[in-house]
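J.: Next up is a structure, given as structure tokens.
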Amino acid sequence: WLAGDGAGIGRLTILGSIQTNLGVVVRHPQYPRWIRDCRVEEIVVKDCQGKQAERKAENCGVRLFHAEHAIVRGCELWGRSPLFLSGVRQSDLSHNRLVSVTLWGGNAEGYINGRNEPIEECIIENNVCASPPGAKGGGPTGRRMIWLSTGRGSVSHNWIADNREDRAVFGGVAGTIQNVGEIILFEACQRIAYFGPIVTADKDRITLPSTLPATPEEWLGNVKRDDLPHDADGRETPFWPPREENEREAALTEYYVTVLDGSALGQTRRIVDLEGTTYRLDRPWQVIPPAGSRVVISTAFYQNHIVRNRTVDGMTGIQLWISCIENIVSDNEIARQRLPALYLYGTCTTLASSMPMTWNRGIGPLYFNHIEGNHAEETSCGVFLTSGESGELPLLFPRCLGNVLRHNGVTKNRTAGVFMTGNRSESGKSGYTSVMGTIAEFNLVRDALRGFHVANSVEGTVLRRNHVYFWYPVSLQTDPPVAFQVNVPDSTTVLELNSVGGISGGPSRDIVPLLRGDQRTDLP
């Protein structure tokens with residue numbers, strides 16, 4: 001147990017027993033106080049074989065609790081979850097060999113596992129995820145390579161690069177539901193402090209109302225009215241985050257505010273202080289939100305880099321799942337996935353004025369993520385951009401906005417190369433659709449049933465300078481392949497300078513270049 005600032009161990013082999021759950025713990029004696037400058041270098045941890053009684057007693061090689069400026073580098077760590085992050089900032093977690101071993105219960109949620117605590121400005125790179133001897137051909141021992149979630153903190157400004165598998169396979173235990181295997185997964189356990197209109201804003205502040213009209217019953221969605229904060233007179237209020245993290249709530253400075261409508265739509269800023277009902281932000285607005293603009297204030301995945309990772313043999317290669325804003329996903333290699341290579345997901349399951357910490361629900365914008373230079377092979381779909389939402393809720397703002405797909409290459413796709421859908425049959429009266437402003441350019445799609453498929457509730461899409469090739473069939477169906485399909489004929493979908501090729505390298509009568517609604521046409 002490294003229990004003091006500056007403590008460290010190195011060049012040590014630690015062998016556990018059937019009663020050992022943890023190899024190395026980095027944790028301040030007065031936790032949740034943060035511990036600083038601890039180092040774990042060039043150690044080996046094996047034989048942590050104790051049966052975990054609960055999630056807090058997860059079987060781990062190394063576990064960091066609220067660690068700042070920590071180093072875990074050059075180690076070989078064996079455990080159900082080899083490296084567990086219970087809050088880390090400005091830490092170096094790199095060049096480790098991680099071996100996930102299933103001894104009790106299900107597989108590890110992640111070789112590198114971050115659960116509901118802040119993960120900020122960390123380097124997570126050059127880690128190798130391996131299966132133990134005798135399990136390298138299949139039968140996953142770890143569900144995911146990297147799993148990071150929000151909740152009592154946000155995941156922001158991290159460098160996640162050059163991580164790969166060494167014949168590891170990612171998935172669940174045979175005979176169980178297989179909703180696992182997202183090899184790099186950002187999955188929100190979201191806490192919404194506020195959704196609704198602002199009173200006013202200036203260059204680096206917004207002011208909220210102190211009390212609110214009661215959320216309409218039909219807007220509550222998955223939120224119970226009793227969970228909403230109220231004042232002494234029973235009036236609904238915003239939730240005001242605490243200044244310090246506690247066992248249930250994230251600290252004030254873990255929250256981000258995103259503008260959801262109006263002339264300032266799409267901007268996100270971090271909260272740094274609260275004065276009465278006014279939040280001070282980390283930097284000025286580019287466009288100051290007008291009074292009455294709707295915003296959401298929540299924990300988020302913000303401005304992370306996922307670069308040059310190798311993700312093979314799982315369910316999805318990289319998955320951005322709820323409240324992922326301004327992240328960069330670039331130059332990753334993805335192969336042999338049961339579902340999409342890149343799964344990009346926004347959501348709206350409630351329009352309540354706040355929401356307690358909840359998994360896989362809430363108001364989770366997918367705004368301005370940059371997906372460039374990735375290569376994917378043998379997946380169900382190359383890039384799947386979608387929103388999951390409750391259809392009875394009015395469409396007051398876009399769920400997915402301004403995402404860019406550029407210079408990606410996807411081959412041998414069993415369905416579509418790139419698929420965009422809002423999962424709604426029509427747009428809202430507000431003029432917004434679920435998915436808006438997507439740019440897909442300079443991409444290569446080869447061997448799919450559909451090259452680019454733009455489905456329902458998608459507007460403002462640009463498809464330019466993409467290549468779509470059909471060389472080898474991926475299905476026994478007799479229908480001709482379609483290069484570009486737009487479900488709603490009058491949607492604003494701009495196609496420019498795209499090319500389509502068949503088995504001989506040029507145009508082919510066996511290919512449908514463009515299908516708008518049910519009308520087949522040539523490319524513009």
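Each chain in the structure tokens gets a letter, A, B and so on, in the order shown; residues start at 1 in every chain, and ligands are counted from 1 in the order they appear.
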With only C-alpha atoms as the counted atoms, please give the residues lying no more than 6 Å from Ala335 of chain A, apart from itself and same-chain residues fewer than 3 positions off, as a list in words.
T.: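 In the requested format, the answer is Val312, Ala376, Glu377 and Glu378 of chain A.
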J.: Would you mind exporting the chosen residues as a PDB file, in the first residue's frame, restricted to all heavy atoms?
T.:
```pdb
ATOM      1  N   VAL A 312      -8.756  -5.553 -32.027  1.00  0.00           N
ATOM      2  CA  VAL A 312      -9.045  -6.716 -32.863  1.00  0.00           C
ATOM      3  C   VAL A 312      -9.867  -7.717 -32.054  1.00  0.00           C
ATOM      4  O   VAL A 312      -9.654  -7.892 -30.855  1.00  0.00           O
ATOM      5  CB  VAL A 312      -7.731  -7.367 -33.347  1.00  0.00           C
ATOM      6  CG1 VAL A 312      -8.002  -8.628 -34.159  1.00  0.00           C
ATOM      7  CG2 VAL A 312      -6.924  -6.381 -34.172  1.00  0.00           C
ATOM      8  N   ALA A 376     -10.546   0.031 -40.832  1.00  0.00           N
ATOM      9  CA  ALA A 376     -11.367  -1.038 -40.263  1.00  0.00           C
ATOM     10  C   ALA A 376     -11.593  -2.118 -41.311  1.00  0.00           C
ATOM     11  O   ALA A 376     -11.811  -1.826 -42.492  1.00  0.00           O
ATOM     12  CB  ALA A 376     -12.704  -0.484 -39.790  1.00  0.00           C
ATOM     13  N   GLU A 377     -11.549  -3.351 -40.863  1.00  0.00           N
ATOM     14  CA  GLU A 377     -11.706  -4.491 -41.773  1.00  0.00           C
ATOM     15  C   GLU A 377     -12.531  -5.587 -41.099  1.00  0.00           C
ATOM     16  O   GLU A 377     -12.359  -5.876 -39.922  1.00  0.00           O
ATOM     17  CB  GLU A 377     -10.334  -5.040 -42.162  1.00  0.00           C
ATOM     18  CG  GLU A 377     -10.375  -6.123 -43.204  1.00  0.00           C
ATOM     19  CD  GLU A 377      -8.995  -6.492 -43.714  1.00  0.00           C
ATOM     20  OE1 GLU A 377      -8.039  -5.765 -43.378  1.00  0.00           O
ATOM     21  OE2 GLU A 377      -8.877  -7.500 -44.432  1.00  0.00           O
ATOM     22  N   GLU A 378     -13.437  -6.159 -41.861  1.00  0.00           N
ATOM     23  CA  GLU A 378     -14.301  -7.256 -41.407  1.00  0.00           C
ATOM     24  C   GLU A 378     -15.097  -6.878 -40.153  1.00  0.00           C
ATOM     25  O   GLU A 378     -14.872  -7.374 -39.058  1.00  0.00           O
ATOM     26  CB  GLU A 378     -13.475  -8.522 -41.143  1.00  0.00           C
ATOM     27  CG  GLU A 378     -12.969  -9.185 -42.403  1.00  0.00           C
ATOM     28  CD  GLU A 378     -12.430 -10.572 -42.141  1.00  0.00           C
ATOM     29  OE1 GLU A 378     -11.293 -10.675 -41.648  1.00  0.00           O
ATOM     30  OE2 GLU A 378     -13.142 -11.549 -42.416  1.00  0.00           O
TER      31      GLU A 378
END
```
J.: Per DSSP on the backbone, filter segment 211-385 of chain A down to the residues in strand (DSSP E) and report them as a ChimeraX atom specification.
T.: /A:256-259,268-275,278-281,294-298,301-302,305-307,310-314,316-321,324-325,328-330,333-337,342-348,355-359,363-364,366-367,370-372,375-379,383-385
J.: Which residue gives the smallest distance to Ala135 of chain A among A:Asp166, A:Glu372, A:Glu441, A:Glu236, with only C-alpha atoms counted?
T.: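 Checking each candidate against Ala135 of chain A, we get A:Asp166 as the closest.
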J.: Restrict the calculation to only C-alpha atoms, then for each residue of segment 326-388 of chain A with any atom at most 12 Å from an atom of segment 98-121 of chain A give the closest atom pair and their distance in Å to one decimal, rows by chain and rising residue number, as CSV.
T.:
```
residue,atom,partner,partner_atom,distance
A:Met357,CA,A:Asn116,CA,9.7
A:Thr358,CA,A:Asn116,CA,10.7
A:Trp359,CA,A:Asn116,CA,10.3
```
J.: Fewer than 5 positions away in the same chain doesn't count, so skip those; otherwise give me all residues within 10 Å of segment 42-47 of chain A, counting only C-alpha atoms, as a compact mmCIF listing (two decimals) with C-alpha atoms, in the first residue's frame.
T.:
```txt
# COMPACT_ATOMS: atom_id res chain seq x y z
CA ILE A 9 8.21 0.74 -5.63
CA GLY A 10 10.25 -0.68 -8.49
CA ARG A 11 11.98 -3.80 -9.76
CA LEU A 12 9.91 -6.04 -7.51
CA THR A 13 7.93 -9.25 -8.04
CA ILE A 14 4.75 -9.60 -5.97
CA LEU A 15 3.09 -13.02 -5.76
CA GLY A 16 -0.29 -13.21 -4.06
CA SER A 17 -2.43 -16.01 -2.69
CA ILE A 18 -6.01 -17.29 -2.76
CA GLN A 19 -6.88 -14.60 -0.18
CA THR A 20 -5.30 -11.66 -2.03
CA ASN A 21 -7.48 -9.25 -4.02
CA LEU A 22 -5.03 -6.43 -4.71
CA GLY A 23 -1.39 -6.43 -5.71
CA VAL A 24 -0.55 -2.74 -5.23
CA CYS A 60 -6.68 -6.01 -9.49
CA GLY A 61 -2.97 -5.94 -10.18
CA VAL A 62 -2.62 -2.19 -9.43
CA VAL A 72 2.61 3.09 -13.52
CA ARG A 73 5.16 2.19 -16.15
CA GLY A 74 6.99 -0.87 -17.48
CA CYS A 75 5.05 -3.37 -15.33
CA GLU A 76 3.54 -6.79 -15.92
CA LEU A 77 0.21 -6.97 -14.11
CA TRP A 78 -2.03 -10.02 -13.79
CA GLY A 79 -5.54 -9.85 -12.36
CA PRO A 82 -5.03 -5.63 -14.18
CA HIS A 95 4.42 0.50 -21.45
CA ASN A 96 2.73 -2.12 -19.27
CA ARG A 97 1.89 -5.72 -20.14
CA LEU A 98 -1.57 -6.51 -18.79
CA VAL A 99 -2.92 -10.05 -18.44
CA VAL A 101 -7.33 -13.69 -15.62
```
J.: Choose the residue, out of A:Asp479, A:Glu326, A:Glu247, A:Asp447, that has the smallest atom-to-atom separation from His157 of chain A; count only C-alpha atoms.
T.: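 Nearest to His157 of chain A: A:Glu326.
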